[in-house]
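S.K.: Structure file data-v2.cif (mmCIF, C-alpha atoms and all ligand atoms) right here:
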```
data_structure
#
loop_
_atom_site.group_PDB
_atom_site.id
_atom_site.type_symbol
_atom_site.label_atom_id
_atom_site.label_comp_id
_atom_site.auth_asym_id
_atom_site.auth_seq_id
_atom_site.Cartn_x
_atom_site.Cartn_y
_atom_site.Cartn_z
ATOM 1 C CA MET A 1 45.366 85.328 84.402
ATOM 2 C CA SER A 2 46.776 88.369 86.138
ATOM 3 C CA GLY A 3 50.249 88.710 87.598
ATOM 4 C CA ALA A 4 53.330 88.351 85.412
ATOM 5 C CA TRP A 5 57.052 88.772 85.023
ATOM 6 C CA ASN A 6 58.072 91.786 82.937
ATOM 7 C CA ILE A 7 61.391 92.101 81.082
ATOM 8 C CA SER A 8 62.562 95.512 79.943
ATOM 9 C CA LYS A 9 65.649 97.534 79.059
ATOM 10 C CA THR A 10 64.329 100.362 81.229
ATOM 11 C CA PRO A 11 63.329 100.193 84.905
ATOM 12 C CA ILE A 12 59.833 98.780 85.427
ATOM 13 C CA THR A 13 57.707 101.470 87.054
ATOM 14 C CA LYS A 14 54.302 99.810 86.708
ATOM 15 C CA LYS A 15 51.950 99.906 89.665
ATOM 16 C CA HIS A 16 51.957 96.640 91.664
ATOM 17 C CA THR A 17 55.597 95.790 90.861
ATOM 18 C CA HIS A 18 56.417 93.819 94.001
ATOM 19 C CA LEU A 19 59.934 92.738 93.028
ATOM 20 C CA HIS A 20 62.374 94.565 90.777
ATOM 21 C CA LEU A 21 65.676 92.993 89.721
ATOM 22 C CA GLU A 22 68.477 94.586 87.713
ATOM 23 C CA THR A 23 71.030 92.580 85.740
ATOM 24 C CA LYS A 24 73.072 92.780 82.509
ATOM 25 C CA ASN A 25 72.690 90.870 79.239
ATOM 26 C CA GLN A 26 75.589 89.401 77.150
ATOM 27 C CA ASN A 27 76.203 92.848 75.602
ATOM 28 C CA LYS A 28 76.605 94.295 79.117
ATOM 29 C CA GLU A 29 73.389 96.306 78.698
ATOM 30 C CA LYS A 30 71.169 96.726 81.731
ATOM 31 C CA ILE A 31 68.094 94.486 81.838
ATOM 32 C CA TYR A 32 65.270 94.767 84.350
ATOM 33 C CA LEU A 33 63.022 91.995 85.557
ATOM 34 C CA GLY A 34 59.883 92.982 87.427
ATOM 35 C CA TYR A 35 57.257 90.884 89.139
ATOM 36 C CA VAL A 36 53.922 92.670 88.650
ATOM 37 C CA ASP A 37 51.017 91.150 90.571
ATOM 38 C CA PRO A 38 47.953 93.406 91.073
ATOM 39 C CA ARG A 39 45.847 90.738 92.811
ATOM 40 C CA ARG A 40 48.697 89.408 94.972
ATOM 41 C CA PHE A 41 48.035 85.766 94.142
ATOM 42 C CA GLY A 42 51.739 85.013 93.801
ATOM 43 C CA PHE A 43 54.117 83.707 96.421
ATOM 44 C CA MET A 44 57.867 84.137 96.553
ATOM 45 C CA TYR A 45 60.302 81.998 98.506
ATOM 46 C CA LEU A 46 64.008 82.508 99.100
ATOM 47 C CA VAL A 47 65.393 78.962 99.092
ATOM 48 C CA ASN A 48 68.599 76.989 98.636
ATOM 49 C CA GLN A 49 68.954 74.224 96.024
ATOM 50 C CA LYS A 50 67.767 71.487 98.385
ATOM 51 C CA GLN A 51 64.726 73.452 99.540
ATOM 52 C CA ARG A 52 63.965 74.312 95.912
ATOM 53 C CA GLU A 53 63.880 70.644 94.917
ATOM 54 C CA ALA A 54 61.697 69.759 97.914
ATOM 55 C CA HIS A 55 59.315 72.533 96.946
ATOM 56 C CA LEU A 56 59.070 71.483 93.284
ATOM 57 C CA LYS A 57 58.465 67.865 94.315
ATOM 58 C CA LYS A 58 55.202 68.948 95.913
ATOM 59 C CA LEU A 59 53.857 69.998 92.504
ATOM 60 C CA GLY A 60 52.354 67.673 89.931
ATOM 61 C CA PRO A 61 53.800 67.567 86.404
ATOM 62 C CA ASP A 62 53.223 70.239 83.794
ATOM 63 C CA ILE A 63 50.675 69.120 81.198
ATOM 64 C CA TYR A 64 53.368 69.142 78.490
ATOM 65 C CA ASP A 65 55.702 66.983 80.618
ATOM 66 C CA PRO A 66 56.067 63.374 79.331
ATOM 67 C CA GLU A 67 54.957 62.268 82.813
ATOM 68 C CA PHE A 68 51.445 63.523 82.037
ATOM 69 C CA THR A 69 50.041 60.430 80.280
ATOM 70 C CA PRO A 70 46.483 59.029 80.008
ATOM 71 C CA SER A 71 47.233 56.476 82.731
ATOM 72 C CA PHE A 72 48.723 59.155 85.017
ATOM 73 C CA LEU A 73 45.569 61.241 84.570
ATOM 74 C CA GLN A 74 43.325 58.304 85.396
ATOM 75 C CA GLU A 75 45.372 57.488 88.488
ATOM 76 C CA MET A 76 45.216 61.092 89.756
ATOM 77 C CA ILE A 77 41.468 61.443 89.149
ATOM 78 C CA LYS A 78 40.850 58.213 91.065
ATOM 79 C CA LYS A 79 42.992 59.379 93.980
ATOM 80 C CA PHE A 80 40.171 61.382 95.575
ATOM 81 C CA PRO A 81 36.977 59.535 94.514
ATOM 82 C CA ALA A 82 34.546 61.745 96.425
ATOM 83 C CA ARG A 83 35.952 65.047 95.152
ATOM 84 C CA LYS A 84 34.258 67.007 92.426
ATOM 85 C CA LEU A 85 36.062 66.831 89.068
ATOM 86 C CA LYS A 86 36.891 70.533 88.793
ATOM 87 C CA VAL A 87 38.233 70.649 92.354
ATOM 88 C CA THR A 88 40.671 67.856 91.507
ATOM 89 C CA LEU A 89 41.689 69.584 88.256
ATOM 90 C CA LEU A 90 42.658 72.658 90.294
ATOM 91 C CA ASP A 91 44.880 70.624 92.671
ATOM 92 C CA GLN A 92 48.428 71.816 91.943
ATOM 93 C CA LYS A 93 49.854 68.727 93.677
ATOM 94 C CA LEU A 94 48.342 66.674 90.853
ATOM 95 C CA PHE A 95 48.500 68.985 87.815
ATOM 96 C CA ALA A 96 50.743 72.041 88.000
ATOM 97 C CA GLY A 97 49.573 75.187 86.268
ATOM 98 C CA ILE A 98 45.878 74.419 85.778
ATOM 99 C CA GLY A 99 44.138 77.578 86.919
ATOM 100 C CA ASN A 100 40.493 78.418 87.366
ATOM 101 C CA TYR A 101 39.506 79.277 83.798
ATOM 102 C CA LEU A 102 41.370 76.286 82.372
ATOM 103 C CA ALA A 103 39.651 73.882 84.770
ATOM 104 C CA SER A 104 36.221 75.089 83.537
ATOM 105 C CA GLU A 105 37.373 74.886 79.918
ATOM 106 C CA ILE A 106 38.830 71.380 80.312
ATOM 107 C CA CYS A 107 35.478 70.145 81.691
ATOM 108 C CA ALA A 108 33.705 71.799 78.732
ATOM 109 C CA HIS A 109 36.027 70.185 76.159
ATOM 110 C CA ALA A 110 35.627 66.817 77.933
ATOM 111 C CA LYS A 111 31.791 67.241 77.913
ATOM 112 C CA LEU A 112 31.768 66.552 81.654
ATOM 113 C CA LYS A 113 29.978 68.596 84.315
ATOM 114 C CA PRO A 114 32.494 70.201 86.698
ATOM 115 C CA THR A 115 30.396 68.956 89.629
ATOM 116 C CA ARG A 116 30.740 65.277 88.657
ATOM 117 C CA SER A 117 32.394 63.262 91.408
ATOM 118 C CA CYS A 118 35.734 61.792 90.390
ATOM 119 C CA LYS A 119 34.520 58.280 91.077
ATOM 120 C CA SER A 120 31.662 58.739 88.597
ATOM 121 C CA ILE A 121 34.033 59.283 85.644
ATOM 122 C CA LYS A 122 33.779 56.161 83.487
ATOM 123 C CA ASP A 123 36.741 54.483 81.790
ATOM 124 C CA LYS A 124 35.373 55.410 78.346
ATOM 125 C CA GLU A 125 35.232 59.114 79.367
ATOM 126 C CA PHE A 126 38.936 59.318 80.175
ATOM 127 C CA PRO A 127 40.331 59.561 76.612
ATOM 128 C CA LEU A 128 38.228 62.674 75.951
ATOM 129 C CA LEU A 129 39.196 64.146 79.337
ATOM 130 C CA TYR A 130 42.887 63.620 78.517
ATOM 131 C CA GLN A 131 42.524 65.298 75.106
ATOM 132 C CA ALA A 132 40.542 68.106 76.736
ATOM 133 C CA PHE A 133 43.659 69.361 78.559
ATOM 134 C CA PHE A 134 45.365 69.990 75.218
ATOM 135 C CA LYS A 135 42.226 71.268 73.481
ATOM 136 C CA ALA A 136 41.975 73.924 76.198
ATOM 137 C CA LEU A 137 45.689 74.700 76.496
ATOM 138 C CA ASP A 138 47.131 74.491 72.954
ATOM 139 C CA PRO A 139 45.084 77.350 71.424
ATOM 140 C CA SER A 140 45.525 79.437 74.561
ATOM 141 C CA ILE A 141 49.310 79.172 74.341
ATOM 142 C CA LYS A 142 49.250 79.842 70.580
ATOM 143 C CA SER A 143 47.251 83.004 71.156
ATOM 144 C CA LYS A 144 49.716 84.028 73.896
ATOM 145 C CA GLY A 145 47.444 83.532 76.864
ATOM 146 C CA LEU A 146 44.153 84.870 78.060
ATOM 147 C CA THR A 147 43.798 88.548 78.854
ATOM 148 C CA PHE A 148 40.678 89.064 80.902
ATOM 149 C CA SER A 149 39.496 92.411 82.320
ATOM 150 C CA GLY A 150 42.859 93.939 81.431
ATOM 151 C CA GLY A 151 44.725 91.343 83.486
ATOM 152 C CA TYR A 152 47.302 89.015 81.997
ATOM 153 C CA GLN A 153 50.232 90.314 79.935
ATOM 154 C CA ASP A 154 53.296 88.404 78.785
ATOM 155 C CA ALA A 155 56.855 89.306 79.822
ATOM 156 C CA PHE A 156 57.012 92.045 77.170
ATOM 157 C CA GLY A 157 53.701 93.621 78.199
ATOM 158 C CA GLU A 158 51.745 92.112 75.280
ATOM 159 C CA LYS A 159 48.154 91.056 75.891
ATOM 160 C CA GLY A 160 46.967 87.591 74.838
ATOM 161 C CA ASN A 161 44.119 86.815 72.409
ATOM 162 C CA GLY A 162 42.915 83.683 74.191
ATOM 163 C CA LEU A 163 39.407 85.070 74.784
ATOM 164 C CA GLN A 164 38.332 83.930 71.315
ATOM 165 C CA ASN A 165 38.986 80.281 72.269
ATOM 166 C CA LEU A 166 36.709 80.090 75.298
ATOM 167 C CA LEU A 167 33.814 77.610 75.273
ATOM 168 C CA VAL A 168 32.094 78.446 78.566
ATOM 169 C CA PHE A 169 34.243 80.598 80.860
ATOM 170 C CA HIS A 170 32.362 83.916 81.298
ATOM 171 C CA GLN A 171 30.324 83.089 78.162
ATOM 172 C CA LYS A 172 26.565 83.620 77.887
ATOM 173 C CA VAL A 173 26.052 80.967 75.225
ATOM 174 C CA CYS A 174 28.122 77.777 74.998
ATOM 175 C CA GLN A 175 30.632 78.147 72.160
ATOM 176 C CA ASN A 176 30.640 74.400 71.671
ATOM 177 C CA CYS A 177 26.958 73.783 70.775
ATOM 178 C CA LEU A 178 26.031 77.474 70.262
ATOM 179 C CA LYS A 179 22.696 76.684 71.922
ATOM 180 C CA GLY A 180 23.173 76.007 75.641
ATOM 181 C CA LYS A 181 22.829 78.909 78.069
ATOM 182 C CA VAL A 182 25.993 78.777 80.162
ATOM 183 C CA LYS A 183 25.364 78.292 83.889
ATOM 184 C CA SER A 184 27.672 79.360 86.672
ATOM 185 C CA LEU A 185 28.198 78.198 90.223
ATOM 186 C CA VAL A 186 30.863 78.475 92.882
ATOM 187 C CA LEU A 187 33.080 75.434 93.491
ATOM 188 C CA ALA A 188 35.846 75.542 96.088
ATOM 189 C CA GLY A 189 35.376 79.308 96.242
ATOM 190 C CA ARG A 190 35.979 79.771 92.510
ATOM 191 C CA ASN A 191 33.568 80.786 89.737
ATOM 192 C CA THR A 192 32.755 77.807 87.575
ATOM 193 C CA PHE A 193 30.994 77.766 84.201
ATOM 194 C CA TYR A 194 29.378 74.919 82.248
ATOM 195 C CA CYS A 195 26.896 74.166 79.500
ATOM 196 C CA PRO A 196 23.883 72.151 80.725
ATOM 197 C CA LEU A 197 23.312 70.842 77.182
ATOM 198 C CA CYS A 198 26.807 69.554 76.284
ATOM 199 C CA GLN A 199 28.187 68.558 79.656
ATOM 200 C CA LYS A 200 26.887 65.409 81.325
HETATM 201 ZN ZN ZN B 1 26.927 73.466 74.886
#
```
Produce structure tokens that represent the structure in this file.
M.R.:
Amino acid sequence: MSGAWNISKTPITKKHTHLHLETKNQNKEKIYLGYVDPRRFGFMYLVNQKQREAHLKKLGPDIYDPEFTPSFLQEMIKKFPARKLKVTLLDQKLFAGIGNYLASEICAHAKLKPTRSCKSIKDKEFPLLYQAFFKALDPSIKSKGLTFSGGYQDAFGEKGNGLQNLLVFHQKVCQNCLKGKVKSLVLAGRNTFYCPLCQK
């Protein structure tokens, strides 16, 4: 949610700019690229091509990659049967780019409790879980991301409108059934939200 690349025609002077690069565009005008990360969640590695490939291999596919299919999802969820569903969703080795708020939202769209063990997910629940990734992500991307507590901004410093799409994350009332009082708990050290009425 917070931490972003910034692109600008003037030097980036924002607080928490940890890396500042200067280059030129096709018109030979100066362009600045800044990595702004207030919470210092990001990592940066200086690697050669071979190391880069080895590093990327450790990550699971992006959700919009053709590799992410219903059968791939089922295989990954079954990989760690005893793990809780949301903990597996956050595993970057399985699904790259699923962060904390998305993992809660995916569980909400799939109508599954985040604390369900992976082995308890039934075959008939998988189609909805697969669709849930896109139900959570598509509107968020369309509304240019989620800006929470003044955090996330895109590369041009624009804030996202994704807050309007949330079902349970930091919500008081579930935006799915409009009845359930959203509950929160901590899973793998991260705040987790769910609706006790919709999510089984
Ligand atoms: Zn609900």
S.K.: Pick the closest to ligand ZN 1 (chain B) from A:Lys24, A:Lys78, A:Lys113, A:Lys119: which is it, counting all atoms listed in the file?
M.R.: A:Lys113
S.K.: Within 7 Å of ligand ZN 1 (chain B), counting all atoms listed in the file, which protein or nucleic acid residues do you find, written as a list in words?
M.R.: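 Checking all atoms listed in the file against ligand ZN 1 (chain B) at 7 Å gives Cys174, Gln175, Asn176, Cys177, Leu178, Lys179, Gly180, Cys195, Pro196, Leu197, Cys198 and Gln199 of chain A.
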S.K.: At what distance in Å, to one decimal, does atom CA of A:Tyr101 lie from atom CA of A:Lys183?
M.R.: 14.2 Å
S.K.: Could you check how far atom CA of A:His20 sits from atom CA of A:Val47, in Å to one decimal?
M.R.: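 Between atom CA of A:His20 and atom CA of A:Val47 the gap works out to 17.9 Å.
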S.K.: Please indicate the distance in Å from atom CA of A:Arg52 to atom CA of A:His18, rounded to one decimal place.
M.R.: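 Atom-to-atom, atom CA of A:Arg52 to atom CA of A:His18, that is 21.0 Å.
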S.K.: Selected by the PyMOL selection byres (((chain A and resi 86) around 12) and not hetatm) in the shown coordinates: which residues, as number ranges by chain?
M.R.: A: 77, 80, 82-85, 87-91, 95, 98-108, 110, 112-118, 129, 185-194
S.K.: So which one's closest to A:Ala132, A:Phe169, A:Ile63, A:Thr23, A:Lys79? Using all atoms listed in the file, please.
M.R.: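 Nearest to A:Ala132: A:Ile63.
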S.K.: Just say which residues the PyMOL selection byres (((chain A and resi 21) around 12) and not hetatm) picks in this file, as a list of chain:residue names.
M.R.: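 With the shown file as input, the PyMOL selection byres (((chain A and resi 21) around 12) and not hetatm) matches A:Trp5, A:Asn6, A:Ile7, A:Ser8, A:Lys9, A:Thr10, A:Pro11, A:Ile12, A:Thr13, A:Thr17, A:His18, A:Leu19, A:His20, A:Glu22, A:Thr23, A:Lys24, A:Lys30, A:Ile31, A:Tyr32, A:Leu33, A:Gly34, A:Tyr35, A:Val36.
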S.K.: Can you write out the residues you just picked, keeping C-alpha atoms, as a PDB file, in the frame of the given file?
M.R.:
```pdb
ATOM      1  CA  TRP A   5      57.052  88.772  85.023  1.00  0.00           C
ATOM      2  CA  ASN A   6      58.072  91.786  82.937  1.00  0.00           C
ATOM      3  CA  ILE A   7      61.391  92.101  81.082  1.00  0.00           C
ATOM      4  CA  SER A   8      62.562  95.512  79.943  1.00  0.00           C
ATOM      5  CA  LYS A   9      65.649  97.534  79.059  1.00  0.00           C
ATOM      6  CA  THR A  10      64.329 100.362  81.229  1.00  0.00           C
ATOM      7  CA  PRO A  11      63.329 100.193  84.905  1.00  0.00           C
ATOM      8  CA  ILE A  12      59.833  98.780  85.427  1.00  0.00           C
ATOM      9  CA  THR A  13      57.707 101.470  87.054  1.00  0.00           C
ATOM     10  CA  THR A  17      55.597  95.790  90.861  1.00  0.00           C
ATOM     11  CA  HIS A  18      56.417  93.819  94.001  1.00  0.00           C
ATOM     12  CA  LEU A  19      59.934  92.738  93.028  1.00  0.00           C
ATOM     13  CA  HIS A  20      62.374  94.565  90.777  1.00  0.00           C
ATOM     14  CA  GLU A  22      68.477  94.586  87.713  1.00  0.00           C
ATOM     15  CA  THR A  23      71.030  92.580  85.740  1.00  0.00           C
ATOM     16  CA  LYS A  24      73.072  92.780  82.509  1.00  0.00           C
ATOM     17  CA  LYS A  30      71.169  96.726  81.731  1.00  0.00           C
ATOM     18  CA  ILE A  31      68.094  94.486  81.838  1.00  0.00           C
ATOM     19  CA  TYR A  32      65.270  94.767  84.350  1.00  0.00           C
ATOM     20  CA  LEU A  33      63.022  91.995  85.557  1.00  0.00           C
ATOM     21  CA  GLY A  34      59.883  92.982  87.427  1.00  0.00           C
ATOM     22  CA  TYR A  35      57.257  90.884  89.139  1.00  0.00           C
ATOM     23  CA  VAL A  36      53.922  92.670  88.650  1.00  0.00           C
TER      24      VAL A  36
END
```
